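Student: Contents of my_file_2.tsv (TSV, C-alpha atoms) are given next:
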chain	number	residue	atom	x	y	z
A	14	MET	CA	101.05	71.67	55.44
A	15	THR	CA	100.44	74.26	58.16
A	16	ALA	CA	96.88	75.09	59.15
A	17	THR	CA	95.59	78.64	58.91
A	18	LEU	CA	93.11	80.31	61.19
A	19	PRO	CA	89.46	79.40	60.63
A	20	ALA	CA	87.54	81.83	58.47
A	21	ALA	CA	86.70	85.03	60.33
A	22	SER	CA	83.18	85.34	61.62
A	23	SER	CA	81.26	87.53	64.04
A	24	SER	CA	81.27	84.77	66.67
A	25	LEU	CA	84.89	83.61	66.77
A	26	MET	CA	87.97	85.59	67.84
A	27	PRO	CA	91.61	84.61	67.25
A	28	THR	CA	93.94	83.46	70.02
A	29	LEU	CA	97.67	83.88	70.38
A	30	ALA	CA	99.72	81.81	67.96
A	31	GLY	CA	101.19	78.54	69.19
A	32	ARG	CA	104.73	79.93	69.45
A	33	TYR	CA	103.67	82.10	72.41
A	34	TYR	CA	103.49	78.89	74.44
A	35	THR	CA	106.59	77.11	73.12
A	36	ASP	CA	109.27	79.64	72.17
A	37	PRO	CA	112.02	79.87	74.85
A	38	ALA	CA	113.12	83.28	73.55
A	39	LEU	CA	109.60	84.62	73.92
A	40	PHE	CA	109.44	83.15	77.43
A	41	THR	CA	112.62	85.09	78.28
A	42	ARG	CA	110.97	88.29	77.04
A	43	GLU	CA	108.01	87.54	79.29
A	44	GLN	CA	110.34	87.14	82.26
A	45	GLU	CA	111.96	90.48	81.45
A	46	ARG	CA	108.83	92.48	80.64
A	47	VAL	CA	106.21	90.85	82.85
A	48	PHE	CA	107.50	88.89	85.84
A	49	GLU	CA	110.55	91.01	86.57
A	50	VAL	CA	108.78	94.38	86.43
A	51	MET	CA	105.36	93.64	87.97
A	52	TRP	CA	104.31	92.86	91.54
A	53	GLN	CA	104.54	89.17	92.47
A	54	CYS	CA	102.93	87.49	95.48
A	55	VAL	CA	105.69	85.33	96.97
A	56	ALA	CA	105.08	84.28	100.59
A	57	ARG	CA	102.74	84.48	103.55
A	58	THR	CA	104.03	87.02	106.03
A	59	ASP	CA	103.44	84.66	108.95
A	60	GLU	CA	105.94	82.26	107.38
A	61	VAL	CA	108.64	84.82	108.16
A	62	ALA	CA	107.26	85.97	111.50
A	63	ASP	CA	110.35	85.92	113.74
A	64	PRO	CA	113.45	88.11	113.47
A	65	GLY	CA	116.00	86.29	111.36
A	66	SER	CA	113.50	84.08	109.59
A	67	PHE	CA	113.71	84.03	105.80
A	68	ARG	CA	112.10	82.48	102.76
A	69	ARG	CA	113.78	82.00	99.38
A	70	VAL	CA	111.52	82.56	96.38
A	71	GLN	CA	111.91	82.70	92.62
A	72	VAL	CA	110.85	85.89	90.81
A	73	GLY	CA	111.43	85.81	87.08
A	74	ARG	CA	115.02	84.67	86.70
A	75	GLU	CA	116.09	85.97	90.11
A	76	SER	CA	116.36	84.24	93.47
A	77	VAL	CA	114.99	86.53	96.19
A	78	LEU	CA	115.18	86.38	99.98
A	79	VAL	CA	112.27	87.65	102.06
A	80	VAL	CA	113.68	88.40	105.52
A	81	ARG	CA	112.25	89.54	108.86
A	82	GLY	CA	114.52	92.14	110.44
A	83	ARG	CA	115.33	92.54	114.10
A	84	ASP	CA	113.22	95.70	114.04
A	85	GLY	CA	110.21	93.59	112.98
A	86	GLY	CA	110.21	94.93	109.44
A	87	LEU	CA	109.90	92.67	106.41
A	88	ARG	CA	112.46	93.21	103.63
A	89	ALA	CA	113.50	91.52	100.41
A	90	PHE	CA	116.93	91.21	98.77
A	91	LEU	CA	118.44	89.48	95.78
A	92	ASN	CA	119.89	86.20	97.02
A	93	VAL	CA	123.39	87.02	95.77
A	94	CYS	CA	126.56	87.77	97.74
A	95	ARG	CA	128.09	91.06	96.60
A	96	HIS	CA	131.62	89.61	96.76
A	97	ARG	CA	131.70	86.88	94.12
A	98	GLY	CA	128.04	86.17	93.44
A	99	ALA	CA	127.42	83.00	95.43
A	100	GLN	CA	123.86	82.35	96.57
A	101	LEU	CA	123.57	83.13	100.27
A	102	CYS	CA	120.76	80.64	100.93
A	103	THR	CA	119.89	77.50	99.00
A	104	GLU	CA	117.28	76.14	101.39
A	105	GLU	CA	113.67	77.20	100.84
A	106	SER	CA	113.30	78.72	104.31
A	107	GLY	CA	115.22	78.99	107.53
A	108	GLN	CA	116.28	80.99	110.55
A	109	VAL	CA	119.49	82.92	111.23
A	110	ASN	CA	120.60	84.76	114.34
A	111	ARG	CA	121.85	88.16	113.24
A	112	THR	CA	123.37	87.85	109.79
A	113	LEU	CA	123.05	86.18	106.41
A	114	ARG	CA	126.47	84.61	105.93
A	115	CYS	CA	127.84	83.56	102.56
A	116	PRO	CA	129.27	80.03	102.85
A	117	TYR	CA	131.90	80.72	100.15
A	118	HIS	CA	134.09	83.51	101.61
A	119	ALA	CA	132.17	84.28	104.83
A	120	TRP	CA	130.93	87.71	103.86
A	121	SER	CA	128.08	88.46	106.28
A	122	PHE	CA	125.15	90.80	105.82
A	123	GLY	CA	122.80	92.21	108.43
A	124	LEU	CA	119.08	91.61	108.28
A	125	ASP	CA	118.84	95.15	106.89
A	126	GLY	CA	121.11	94.11	103.99
A	127	ALA	CA	124.24	96.03	105.01
A	128	LEU	CA	127.64	94.36	104.89
A	129	VAL	CA	128.66	93.78	108.52
A	130	ALA	CA	131.63	91.41	108.41
A	131	ALA	CA	134.12	89.77	106.07
A	132	PRO	CA	137.63	88.36	106.41
A	133	ASN	CA	140.09	91.28	106.56
A	134	LEU	CA	137.32	93.85	106.31
A	135	ALA	CA	138.83	95.87	109.18
A	136	ARG	CA	141.89	96.46	106.99
A	137	MET	CA	139.70	98.03	104.30
A	138	PRO	CA	138.16	101.09	106.00
A	139	ASP	CA	137.24	102.62	102.65
A	140	VAL	CA	134.66	99.89	101.90
A	141	ASP	CA	131.12	101.31	101.90
A	142	ARG	CA	129.12	98.74	103.82
A	143	VAL	CA	125.78	99.91	102.49
A	144	ALA	CA	126.83	100.23	98.85
A	145	ASN	CA	128.37	96.75	99.06
A	146	GLY	CA	125.39	95.33	100.90
A	147	LEU	CA	122.66	93.15	99.49
A	148	VAL	CA	120.65	94.53	96.59
A	149	PRO	CA	117.19	95.46	97.94
A	150	VAL	CA	113.93	94.46	96.29
A	151	GLN	CA	110.73	96.46	96.65
A	152	LEU	CA	108.24	94.80	99.03
A	153	ARG	CA	104.65	95.44	100.05
A	154	GLU	CA	102.39	93.53	102.45
A	155	TRP	CA	98.74	92.89	101.56
A	156	LEU	CA	96.18	90.19	102.35
A	157	GLY	CA	98.68	88.59	104.73
A	158	TYR	CA	101.22	88.04	101.92
A	159	ALA	CA	104.51	89.57	100.88
A	160	TRP	CA	104.48	91.01	97.36
A	161	VAL	CA	107.76	91.95	95.68
A	162	CYS	CA	108.77	93.78	92.52
A	163	LEU	CA	112.22	93.69	90.95
A	164	ALA	CA	111.79	96.96	89.07
A	165	ASP	CA	113.78	99.97	90.24
A	166	ASP	CA	110.66	102.05	89.73
A	167	PRO	CA	107.74	99.69	90.44
A	168	PRO	CA	104.26	100.27	89.04
A	169	SER	CA	101.56	101.45	91.41
A	170	PHE	CA	100.65	98.65	93.80
A	171	GLU	CA	97.26	100.24	94.39
A	172	ASP	CA	96.51	100.34	90.67
A	173	ASP	CA	97.93	97.02	89.53
A	174	VAL	CA	97.21	94.75	92.52
A	175	VAL	CA	94.50	96.26	94.72
A	176	GLY	CA	92.89	97.76	91.63
A	177	ALA	CA	92.62	94.38	89.91
A	178	VAL	CA	90.52	93.02	92.80
A	179	THR	CA	88.46	96.20	93.03
A	180	GLU	CA	87.77	96.10	89.29
A	181	ARG	CA	86.51	92.52	89.54
A	182	LEU	CA	84.42	92.90	92.71
A	183	GLY	CA	83.07	96.30	91.71
A	184	ASP	CA	83.57	97.82	95.17
A	185	PRO	CA	86.88	98.80	96.80
A	186	ALA	CA	85.49	97.82	100.22
A	187	ALA	CA	84.37	94.33	99.15
A	188	ILE	CA	87.72	92.61	99.71
A	189	GLU	CA	87.93	94.08	103.20
A	190	GLU	CA	84.82	92.11	104.19
A	191	TYR	CA	86.86	88.89	104.01
A	192	ASP	CA	89.68	90.29	106.20
A	193	VAL	CA	92.09	87.99	104.34
A	194	GLY	CA	95.15	89.19	106.22
A	195	ARG	CA	93.67	87.86	109.46
A	196	LEU	CA	92.95	84.38	108.12
A	197	ALA	CA	95.07	81.33	108.92
A	198	LEU	CA	96.55	78.77	106.55
A	199	GLY	CA	94.52	75.57	106.73
A	200	ARG	CA	96.13	73.68	103.86
A	201	ARG	CA	98.69	74.22	101.10
A	202	ILE	CA	99.17	72.08	98.01
A	203	ARG	CA	101.89	72.63	95.42
A	204	TYR	CA	101.31	71.52	91.83
A	205	ASP	CA	104.05	71.12	89.23
A	206	VAL	CA	102.27	71.70	85.92
A	207	ALA	CA	103.86	70.68	82.62
A	208	ALA	CA	102.35	73.60	80.73
A	209	ASN	CA	103.02	77.22	79.83
A	210	TRP	CA	101.86	79.73	82.44
A	211	LYS	CA	99.44	81.41	80.02
A	212	LEU	CA	97.49	78.18	79.58
A	213	VAL	CA	97.00	78.14	83.35
A	214	VAL	CA	95.83	81.76	83.39
A	215	GLU	CA	93.48	81.28	80.45
A	216	ASN	CA	91.99	78.17	82.02
A	217	PHE	CA	91.28	79.99	85.28
A	218	MET	CA	89.69	82.95	83.52
A	219	GLU	CA	87.07	81.02	81.55
A	220	CYS	CA	84.37	78.50	82.39
A	221	TYR	CA	83.52	77.28	78.90
A	222	HIS	CA	85.18	74.03	79.99
A	223	CYS	CA	83.42	73.75	83.36
A	224	ALA	CA	80.51	71.56	82.26
A	225	THR	CA	82.98	69.19	80.59
A	226	ILE	CA	85.57	68.59	83.31
A	227	HIS	CA	84.27	70.02	86.62
A	228	PRO	CA	81.23	67.98	87.73
A	229	GLU	CA	81.78	68.66	91.44
A	230	LEU	CA	82.15	72.41	90.86
A	231	THR	CA	79.08	72.74	88.65
A	232	ASP	CA	77.02	70.80	91.20
A	233	VAL	CA	77.82	73.55	93.69
A	234	LEU	CA	77.78	76.46	91.20
A	235	PRO	CA	75.27	75.44	88.50
A	236	GLU	CA	75.57	78.62	86.44
A	237	PHE	CA	79.12	77.55	85.55
A	238	SER	CA	77.65	74.74	83.47
A	239	ARG	CA	76.44	77.43	81.06
A	240	GLY	CA	80.02	78.49	80.36
A	241	TYR	CA	80.07	81.88	82.04
A	242	ALA	CA	82.94	82.45	84.48
A	243	ALA	CA	82.28	84.42	87.67
A	244	GLN	CA	84.96	86.90	86.67
A	245	SER	CA	83.37	87.61	83.29
A	246	PHE	CA	81.23	90.35	84.82
A	247	VAL	CA	82.15	93.11	87.26
A	248	GLY	CA	80.76	92.50	90.72
A	249	HIS	CA	79.18	89.17	89.84
A	250	GLY	CA	79.35	86.22	92.19
A	251	ALA	CA	78.15	82.76	91.20
A	252	GLU	CA	75.34	81.63	93.49
A	253	PHE	CA	75.37	78.29	95.27
A	254	ALA	CA	72.82	75.74	94.03
A	255	ALA	CA	69.59	75.28	95.94
A	256	GLY	CA	70.17	72.62	98.55
A	257	VAL	CA	73.93	73.27	98.67
A	258	ASP	CA	74.99	74.32	102.13
A	259	GLY	CA	78.68	75.03	101.61
A	260	PHE	CA	81.58	75.27	99.17
A	261	THR	CA	82.54	71.65	99.78
A	262	VAL	CA	83.09	68.62	97.58
A	263	ASP	CA	79.62	67.21	98.40
A	264	GLY	CA	77.81	70.51	98.99
A	265	SER	CA	77.58	69.82	102.72
A	266	VAL	CA	77.81	72.59	105.27
A	267	GLY	CA	81.21	74.17	105.77
A	268	PHE	CA	82.02	76.67	108.53
A	269	PRO	CA	80.21	79.80	109.72
A	270	ALA	CA	80.58	82.72	107.32
A	271	LEU	CA	83.53	85.02	107.95
A	272	PRO	CA	82.38	87.80	110.31
A	273	GLY	CA	82.49	90.71	107.87
A	274	ILE	CA	80.70	89.13	104.92
A	275	ASP	CA	77.80	91.18	103.65
A	276	GLN	CA	74.53	89.26	103.41
A	277	ASP	CA	74.47	89.93	99.66
A	278	ARG	CA	77.77	88.05	99.29
A	279	ASP	CA	76.74	85.05	101.38
A	280	ARG	CA	76.21	81.84	99.35
A	281	ARG	CA	78.23	83.26	96.47
A	282	TYR	CA	81.62	82.57	94.91
A	283	TYR	CA	83.79	85.40	93.57
A	284	ALA	CA	87.03	85.15	91.60
A	285	ALA	CA	89.66	87.64	90.55
A	286	THR	CA	92.83	87.39	88.48
A	287	ILE	CA	95.68	89.63	89.61
A	288	LYS	CA	97.97	89.67	86.60
A	289	PRO	CA	100.27	88.12	85.92
A	290	ALA	CA	100.24	85.23	88.38
A	291	VAL	CA	97.69	85.30	91.21
A	292	PHE	CA	94.16	83.85	91.35
A	293	LEU	CA	91.92	84.86	94.25
A	294	ASN	CA	88.79	82.85	95.12
A	295	LEU	CA	86.33	84.12	97.74
A	296	VAL	CA	83.56	82.08	99.36
A	297	PRO	CA	81.65	82.86	102.56
A	298	ASP	CA	83.70	80.74	104.97
A	299	HIS	CA	87.17	80.65	103.41
A	300	VAL	CA	89.49	82.13	100.81
A	301	ILE	CA	91.64	80.27	98.28
A	302	LEU	CA	94.70	82.01	96.85
A	303	LEU	CA	96.81	80.50	94.08
A	304	ARG	CA	100.12	81.93	92.91
A	305	MET	CA	102.14	80.78	89.93
A	306	THR	CA	105.88	80.63	89.32
A	307	PRO	CA	106.78	80.02	85.66
A	308	LEU	CA	110.03	78.03	85.63
A	309	ALA	CA	110.25	77.23	81.91
A	310	VAL	CA	108.26	77.76	78.75
A	311	ASP	CA	106.49	74.45	79.47
A	312	ARG	CA	106.65	74.24	83.27
A	313	THR	CA	104.69	76.22	85.88
A	314	VAL	CA	104.61	75.65	89.64
A	315	VAL	CA	101.31	76.61	91.28
A	316	GLU	CA	101.02	76.95	95.04
A	317	CYS	CA	97.45	76.90	96.39
A	318	ASP	CA	96.57	78.11	99.90
A	319	TRP	CA	93.26	77.46	101.67
A	320	LEU	CA	92.68	80.18	104.31
A	321	TYR	CA	90.17	79.97	107.16
A	322	ALA	CA	89.11	81.87	110.25
A	323	PRO	CA	91.91	81.45	112.82
A	324	GLY	CA	89.63	79.51	115.18
A	325	VAL	CA	89.02	76.85	112.54
A	326	VAL	CA	92.75	76.16	112.21
A	327	THR	CA	93.75	76.43	115.86
A	328	ALA	CA	90.91	74.07	116.86
A	329	GLY	CA	92.09	71.52	114.29
A	330	LEU	CA	88.70	71.36	112.60
A	331	ASP	CA	88.35	69.17	109.53
A	332	VAL	CA	88.84	71.28	106.38
A	333	SER	CA	89.16	68.30	104.03
A	334	ARG	CA	85.77	68.65	102.31
A	335	SER	CA	86.36	72.26	101.26
A	336	VAL	CA	89.97	71.53	100.33
A	337	GLU	CA	88.93	68.48	98.30
A	338	LEU	CA	86.51	70.48	96.13
A	339	PHE	CA	89.05	72.95	94.84
A	340	HIS	CA	91.87	70.39	94.84
A	341	ARG	CA	89.83	68.34	92.37
A	342	VAL	CA	89.18	71.48	90.32
A	343	ASN	CA	92.92	72.18	90.28
A	344	GLN	CA	93.76	68.62	89.24
A	345	GLN	CA	91.17	68.71	86.47
A	346	ASP	CA	92.34	72.12	85.25
A	347	PHE	CA	96.04	71.31	85.28
A	348	ALA	CA	95.46	68.02	83.47
A	349	ALA	CA	93.63	70.00	80.78
A	350	CYS	CA	96.54	72.45	80.53
A	351	GLU	CA	99.02	69.59	80.22
A	352	ARG	CA	96.82	68.01	77.55
A	353	THR	CA	96.88	71.31	75.64
A	354	GLN	CA	100.61	72.08	75.85
A	355	PRO	CA	101.72	69.55	73.17
A	356	GLY	CA	99.19	70.99	70.74
A	357	MET	CA	100.85	74.40	70.97
A	358	SER	CA	103.80	73.10	68.93
A	359	SER	CA	101.62	71.41	66.30
A	360	ARG	CA	101.38	72.85	62.81
A	361	ALA	CA	97.62	72.74	63.39
A	362	TYR	CA	98.03	75.52	65.98
A	363	ALA	CA	100.84	77.50	64.34
A	364	ALA	CA	98.46	80.37	63.57
A	365	GLY	CA	96.57	79.89	66.84
A	366	GLY	CA	93.02	78.84	67.62
A	367	VAL	CA	89.77	80.63	68.29
A	368	LEU	CA	87.72	81.96	71.18
A	369	VAL	CA	83.95	81.75	71.49
A	370	PRO	CA	81.95	84.72	72.83
A	371	VAL	CA	81.94	83.57	76.49
A	372	GLU	CA	85.75	83.63	76.31
A	373	HIS	CA	85.86	87.27	75.22
A	374	HIS	CA	87.92	88.32	78.27
A	375	LEU	CA	90.74	86.00	77.13
A	376	ALA	CA	91.14	88.22	74.08
A	377	LEU	CA	91.67	91.15	76.46
A	378	PHE	CA	94.34	89.12	78.28
A	379	HIS	CA	96.09	88.41	74.99
A	380	ASP	CA	95.99	92.10	74.07
A	381	TRP	CA	97.43	92.96	77.48
A	382	LEU	CA	100.28	90.50	77.01
A	383	ARG	CA	101.11	91.77	73.53
A	384	GLY	CA	101.26	95.26	74.98
A	385	ARG	CA	103.64	94.15	77.73
A	386	LEU	CA	105.87	92.56	75.10
A	387	GLY	CA	105.92	95.76	73.06
A	388	GLU	CA	103.91	94.33	70.20
A	389	GLY	CA	101.30	97.10	70.13
Written as C-alpha cells, how would this file's structure read?
Tutor:
Amino acid sequence: MTATLPAASSSLMPTLAGRYYTDPALFTREQERVFEVMWQCVARTDEVADPGSFRRVQVGRESVLVVRGRDGGLRAFLNVCRHRGAQLCTEESGQVNRTLRCPYHAWSFGLDGALVAAPNLARMPDVDRVANGLVPVQLREWLGYAWVCLADDPPSFEDDVVGAVTERLGDPAAIEEYDVGRLALGRRIRYDVAANWKLVVENFMECYHCATIHPELTDVLPEFSRGYAAQSFVGHGAEFAAGVDGFTVDGSVGFPALPGIDQDRDRRYYAATIKPAVFLNLVPDHVILLRMTPLAVDRTVVECDWLYAPGVVTAGLDVSRSVELFHRVNQQDFAACERTQPGMSSRAYAAGGVLVPVEHHLALFHDWLRGRLGEG
C-alpha cells in the first residue's frame, strides 16, 4: 500500500514527490536544465593566480578547466581535446608553461584555447587553429570566485547571481560592505554527502530543524530556535544572543569586524541562497561560502570556505573557534540529509510530504524547480 498526501489544510503545503530525489532520469534533466545552463561558482580566483595555472572542475556532466592566461586573464574551456576527445587534465589543479598538451596524441593548445601545435600540423595549412581550439565556457569573476556557465547564451549574471544576494539582503550595496573579493581563505572543508542536492538546499533554506539538531548555533542565534530562518525575510539578519561576543562555537570573541560593515549589520548573521548551488553566510568578522556539486542522484559534494580579513590569515591567527561552529552545523545538517535520503524511495513518501508555514519559501523553491524542468 502506498501512502497518499495528508489531508489538505490551511497550515500544510505539499512537497515534491519522492521520485524527485531518487529518479536518475530526473537527475539527468536537472543537469541539462539547471546545472548546465545556469551560473555555477567553481573556484577561487586566487587559486589560479599565475599564468599557466589551472583548476579542473565539474559542471553538470562536463569537466571544465579554469585557466589563467599569459595576459593575466581568466578563461574557462571544456576539458576535452578537439582531436579525439581525451581529457587534457585529470589532476584537480596544476601549472603549465605555455600550453595545455593532450597526453594522447600531443595536440597542444594555448592558454587562450587556440590550437598551437600537433604532430604533422605544419603539413596541414588549411587547419583553422581557432575553430579547432578548445571549446570556451562563459566565465565571470565575482566575490573573489570564478563563476562559469555552459550555456551558449547565458542568463544575466546580474539578475541571477548578484540579484539573488540583493533580493535577500534588501540593498544592492549591502554585499559590498563585506568586500568578499578581498578576503583570504582561512579554511576549506570538503564534505561528501550521500543525499540528493535538493535535500541539501532545502535544509539550508529552513530553520524549522534548528532547535532540534543545532544547539551550538541556537546558543549564538537564539531566534533560530523558533524555526524562522534568516533568509525567510528580505533584509533580515539574525541577531547574536546577549552575552555572545562572536560567531564562534562557544560564543567567545572572534576578530574585529570587517572594515566596511555598517553598524546596523554588526552582531548579525545574514544568509542567501544563490540558486542552484551556492550558500552565502555573512557575519561581522568573516564570510562562509558553500558551493555544491551534484555527482549523482544520491551524492552531493559540498565545499565550504571560511574567508577572513587578509591580516588574520597572513598572521596565522587561530580561526578554529569560528570554523568549528559552522563545521558542526554542516555535519549536523548533512547527517540529517543522509538520514532523509532513504525515505525518499519509501512508499510512505511516494506522493511527497508536507511543509509547515515557516517553511513556506521551500514551496517557492519547488515551484522554481518545476519551472526549470518545464513542468509549469
Student: Write out as a PDB file with C-alpha atoms, in the frame of the given file the residues lying within 8 Å of segment 66-73 of chain A, counting all atoms listed in the file and excluding same-chain residues fewer than 6 positions away.
Tutor:
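Printed below is around.pdb as written:
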ATOM      1  CA  GLN A  44     110.340  87.140  82.260  1.00  0.00           C
ATOM      2  CA  GLU A  45     111.960  90.480  81.450  1.00  0.00           C
ATOM      3  CA  PHE A  48     107.500  88.890  85.840  1.00  0.00           C
ATOM      4  CA  GLU A  49     110.550  91.010  86.570  1.00  0.00           C
ATOM      5  CA  GLN A  53     104.540  89.170  92.470  1.00  0.00           C
ATOM      6  CA  VAL A  55     105.690  85.330  96.970  1.00  0.00           C
ATOM      7  CA  ALA A  56     105.080  84.280 100.590  1.00  0.00           C
ATOM      8  CA  GLU A  60     105.940  82.260 107.380  1.00  0.00           C
ATOM      9  CA  VAL A  79     112.270  87.650 102.060  1.00  0.00           C
ATOM     10  CA  VAL A  80     113.680  88.400 105.520  1.00  0.00           C
ATOM     11  CA  ARG A  81     112.250  89.540 108.860  1.00  0.00           C
ATOM     12  CA  ASN A  92     119.890  86.200  97.020  1.00  0.00           C
ATOM     13  CA  CYS A 102     120.760  80.640 100.930  1.00  0.00           C
ATOM     14  CA  THR A 103     119.890  77.500  99.000  1.00  0.00           C
ATOM     15  CA  GLU A 104     117.280  76.140 101.390  1.00  0.00           C
ATOM     16  CA  GLU A 105     113.670  77.200 100.840  1.00  0.00           C
ATOM     17  CA  SER A 106     113.300  78.720 104.310  1.00  0.00           C
ATOM     18  CA  GLY A 107     115.220  78.990 107.530  1.00  0.00           C
ATOM     19  CA  GLN A 108     116.280  80.990 110.550  1.00  0.00           C
ATOM     20  CA  VAL A 109     119.490  82.920 111.230  1.00  0.00           C
ATOM     21  CA  LEU A 163     112.220  93.690  90.950  1.00  0.00           C
ATOM     22  CA  THR A 306     105.880  80.630  89.320  1.00  0.00           C
ATOM     23  CA  PRO A 307     106.780  80.020  85.660  1.00  0.00           C
TER      24      PRO A 307
END
Student: Any idea what's packed within 8 Å of Ala284 of chain A, counting all atoms listed in the file, ignoring anything in its chain fewer than 2 positions away? Could you give it as a PDB file with C-alpha atoms, keeping the file's coordinate frame?
Tutor:
ATOM      1  CA  ARG A 181      86.510  92.520  89.540  1.00  0.00           C
ATOM      2  CA  ALA A 243      82.280  84.420  87.670  1.00  0.00           C
ATOM      3  CA  GLN A 244      84.960  86.900  86.670  1.00  0.00           C
ATOM      4  CA  GLY A 250      79.350  86.220  92.190  1.00  0.00           C
ATOM      5  CA  TYR A 282      81.620  82.570  94.910  1.00  0.00           C
ATOM      6  CA  THR A 286      92.830  87.390  88.480  1.00  0.00           C
ATOM      7  CA  PHE A 292      94.160  83.850  91.350  1.00  0.00           C
ATOM      8  CA  LEU A 293      91.920  84.860  94.250  1.00  0.00           C
ATOM      9  CA  ASN A 294      88.790  82.850  95.120  1.00  0.00           C
ATOM     10  CA  LEU A 295      86.330  84.120  97.740  1.00  0.00           C
TER      11      LEU A 295
END
Student: Which polymer residues have any atom within 6 Å of an atom of segment 122-125 of chain A, counting only C-alpha atoms, with same-chain residues fewer than 5 positions away left out, as a ChimeraX atom specification?
Tutor: /A:82,112-113
Student: Suppose you want the space between atom CA of Val310 of chain A and atom CA of Thr28 of chain A; what is it in Å?
Tutor: 17.7 Å
Student: Which residue is closest to Gln100 of chain A? Choose from A:Ile188, A:Val266, A:Cys115, A:Val257 and count all atoms listed in the file.
Tutor: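 Result for the nearest residue to Gln100 of chain A: A:Cys115.
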Student: Quick one: distance from atom CA of Ala309 of chain A to atom CA of Cys220 of chain A in Å, one decimal?
Tutor: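 That distance, rounded to one decimal, is 25.9 Å.
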Student: Quick one, how far is atom CA of Val206 of chain A from atom CA of Phe347 of chain A?
Tutor: 6.3 Å
Student: Restricting the calculation to all atoms listed in the file: of A:Val178, A:Leu128, A:Ala254, A:Val336, which residue gets closest to His96 of chain A?
Tutor: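 With all atoms listed in the file as the atom set, the closest residue is A:Leu128.
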Student: Of the candidates A:Val247, A:Ala361, A:Leu196, A:Leu230, which shows the shortest atom-to-atom distance to Phe339 of chain A, using all atoms listed in the file?
Tutor: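 Closest to Phe339 of chain A, using all atoms listed in the file: A:Leu230.
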Student: Please determine, counting all atoms listed in the file, which residue among A:Glu154, A:Arg74, A:Glu252, A:Ala119 has the shortest atom-to-atom distance to Phe40 of chain A.
Tutor: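 Going through A:Glu154, A:Arg74, A:Glu252, A:Ala119 one by one, the smallest distance to Phe40 of chain A is for A:Arg74.
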Student: Pull out segment 139-144 of chain A, keep all heavy atoms, and write it as a PDB file, in the first residue's frame.
Tutor:
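Once written, decode-v1.pdb looks like this:
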ATOM      1  N   ASP A 139      45.613  24.151 -43.982  1.00  0.00           N
ATOM      2  CA  ASP A 139      44.203  24.534 -44.054  1.00  0.00           C
ATOM      3  C   ASP A 139      43.491  24.410 -42.705  1.00  0.00           C
ATOM      4  O   ASP A 139      42.327  24.804 -42.575  1.00  0.00           O
ATOM      5  CB  ASP A 139      43.478  23.659 -45.083  1.00  0.00           C
ATOM      6  CG  ASP A 139      43.556  22.176 -44.735  1.00  0.00           C
ATOM      7  OD1 ASP A 139      44.615  21.745 -44.229  1.00  0.00           O
ATOM      8  OD2 ASP A 139      42.557  21.458 -44.960  1.00  0.00           O
ATOM      9  N   VAL A 140      44.156  23.865 -41.683  1.00  0.00           N
ATOM     10  CA  VAL A 140      43.511  23.665 -40.385  1.00  0.00           C
ATOM     11  C   VAL A 140      43.332  25.004 -39.690  1.00  0.00           C
ATOM     12  O   VAL A 140      44.293  25.750 -39.480  1.00  0.00           O
ATOM     13  CB  VAL A 140      44.333  22.711 -39.501  1.00  0.00           C
ATOM     14  CG1 VAL A 140      43.753  22.659 -38.088  1.00  0.00           C
ATOM     15  CG2 VAL A 140      44.353  21.314 -40.109  1.00  0.00           C
ATOM     16  N   ASP A 141      42.096  25.321 -39.327  1.00  0.00           N
ATOM     17  CA  ASP A 141      41.786  26.556 -38.594  1.00  0.00           C
ATOM     18  C   ASP A 141      42.115  26.325 -37.124  1.00  0.00           C
ATOM     19  O   ASP A 141      41.454  25.535 -36.447  1.00  0.00           O
ATOM     20  CB  ASP A 141      40.307  26.891 -38.772  1.00  0.00           C
ATOM     21  CG  ASP A 141      39.938  28.245 -38.171  1.00  0.00           C
ATOM     22  OD1 ASP A 141      40.491  28.605 -37.106  1.00  0.00           O
ATOM     23  OD2 ASP A 141      39.067  28.925 -38.739  1.00  0.00           O
ATOM     24  N   ARG A 142      43.106  27.028 -36.635  1.00  0.00           N
ATOM     25  CA  ARG A 142      43.591  26.767 -35.281  1.00  0.00           C
ATOM     26  C   ARG A 142      42.661  27.309 -34.204  1.00  0.00           C
ATOM     27  O   ARG A 142      42.715  26.861 -33.058  1.00  0.00           O
ATOM     28  CB  ARG A 142      45.001  27.337 -35.118  1.00  0.00           C
ATOM     29  CG  ARG A 142      45.993  26.705 -36.079  1.00  0.00           C
ATOM     30  CD  ARG A 142      47.406  26.993 -35.705  1.00  0.00           C
ATOM     31  NE  ARG A 142      48.343  26.395 -36.659  1.00  0.00           N
ATOM     32  CZ  ARG A 142      49.611  26.122 -36.381  1.00  0.00           C
ATOM     33  NH1 ARG A 142      50.087  26.391 -35.168  1.00  0.00           N
ATOM     34  NH2 ARG A 142      50.408  25.595 -37.293  1.00  0.00           N
ATOM     35  N   VAL A 143      41.837  28.252 -34.547  1.00  0.00           N
ATOM     36  CA  VAL A 143      40.850  28.746 -33.581  1.00  0.00           C
ATOM     37  C   VAL A 143      39.623  27.844 -33.570  1.00  0.00           C
ATOM     38  O   VAL A 143      39.145  27.422 -32.516  1.00  0.00           O
ATOM     39  CB  VAL A 143      40.461  30.199 -33.898  1.00  0.00           C
ATOM     40  CG1 VAL A 143      39.323  30.659 -32.984  1.00  0.00           C
ATOM     41  CG2 VAL A 143      41.670  31.120 -33.745  1.00  0.00           C
ATOM     42  N   ALA A 144      39.125  27.514 -34.763  1.00  0.00           N
ATOM     43  CA  ALA A 144      37.935  26.664 -34.851  1.00  0.00           C
ATOM     44  C   ALA A 144      38.195  25.282 -34.268  1.00  0.00           C
ATOM     45  O   ALA A 144      37.276  24.629 -33.764  1.00  0.00           O
ATOM     46  CB  ALA A 144      37.488  26.542 -36.306  1.00  0.00           C
TER      47      ALA A 144
END
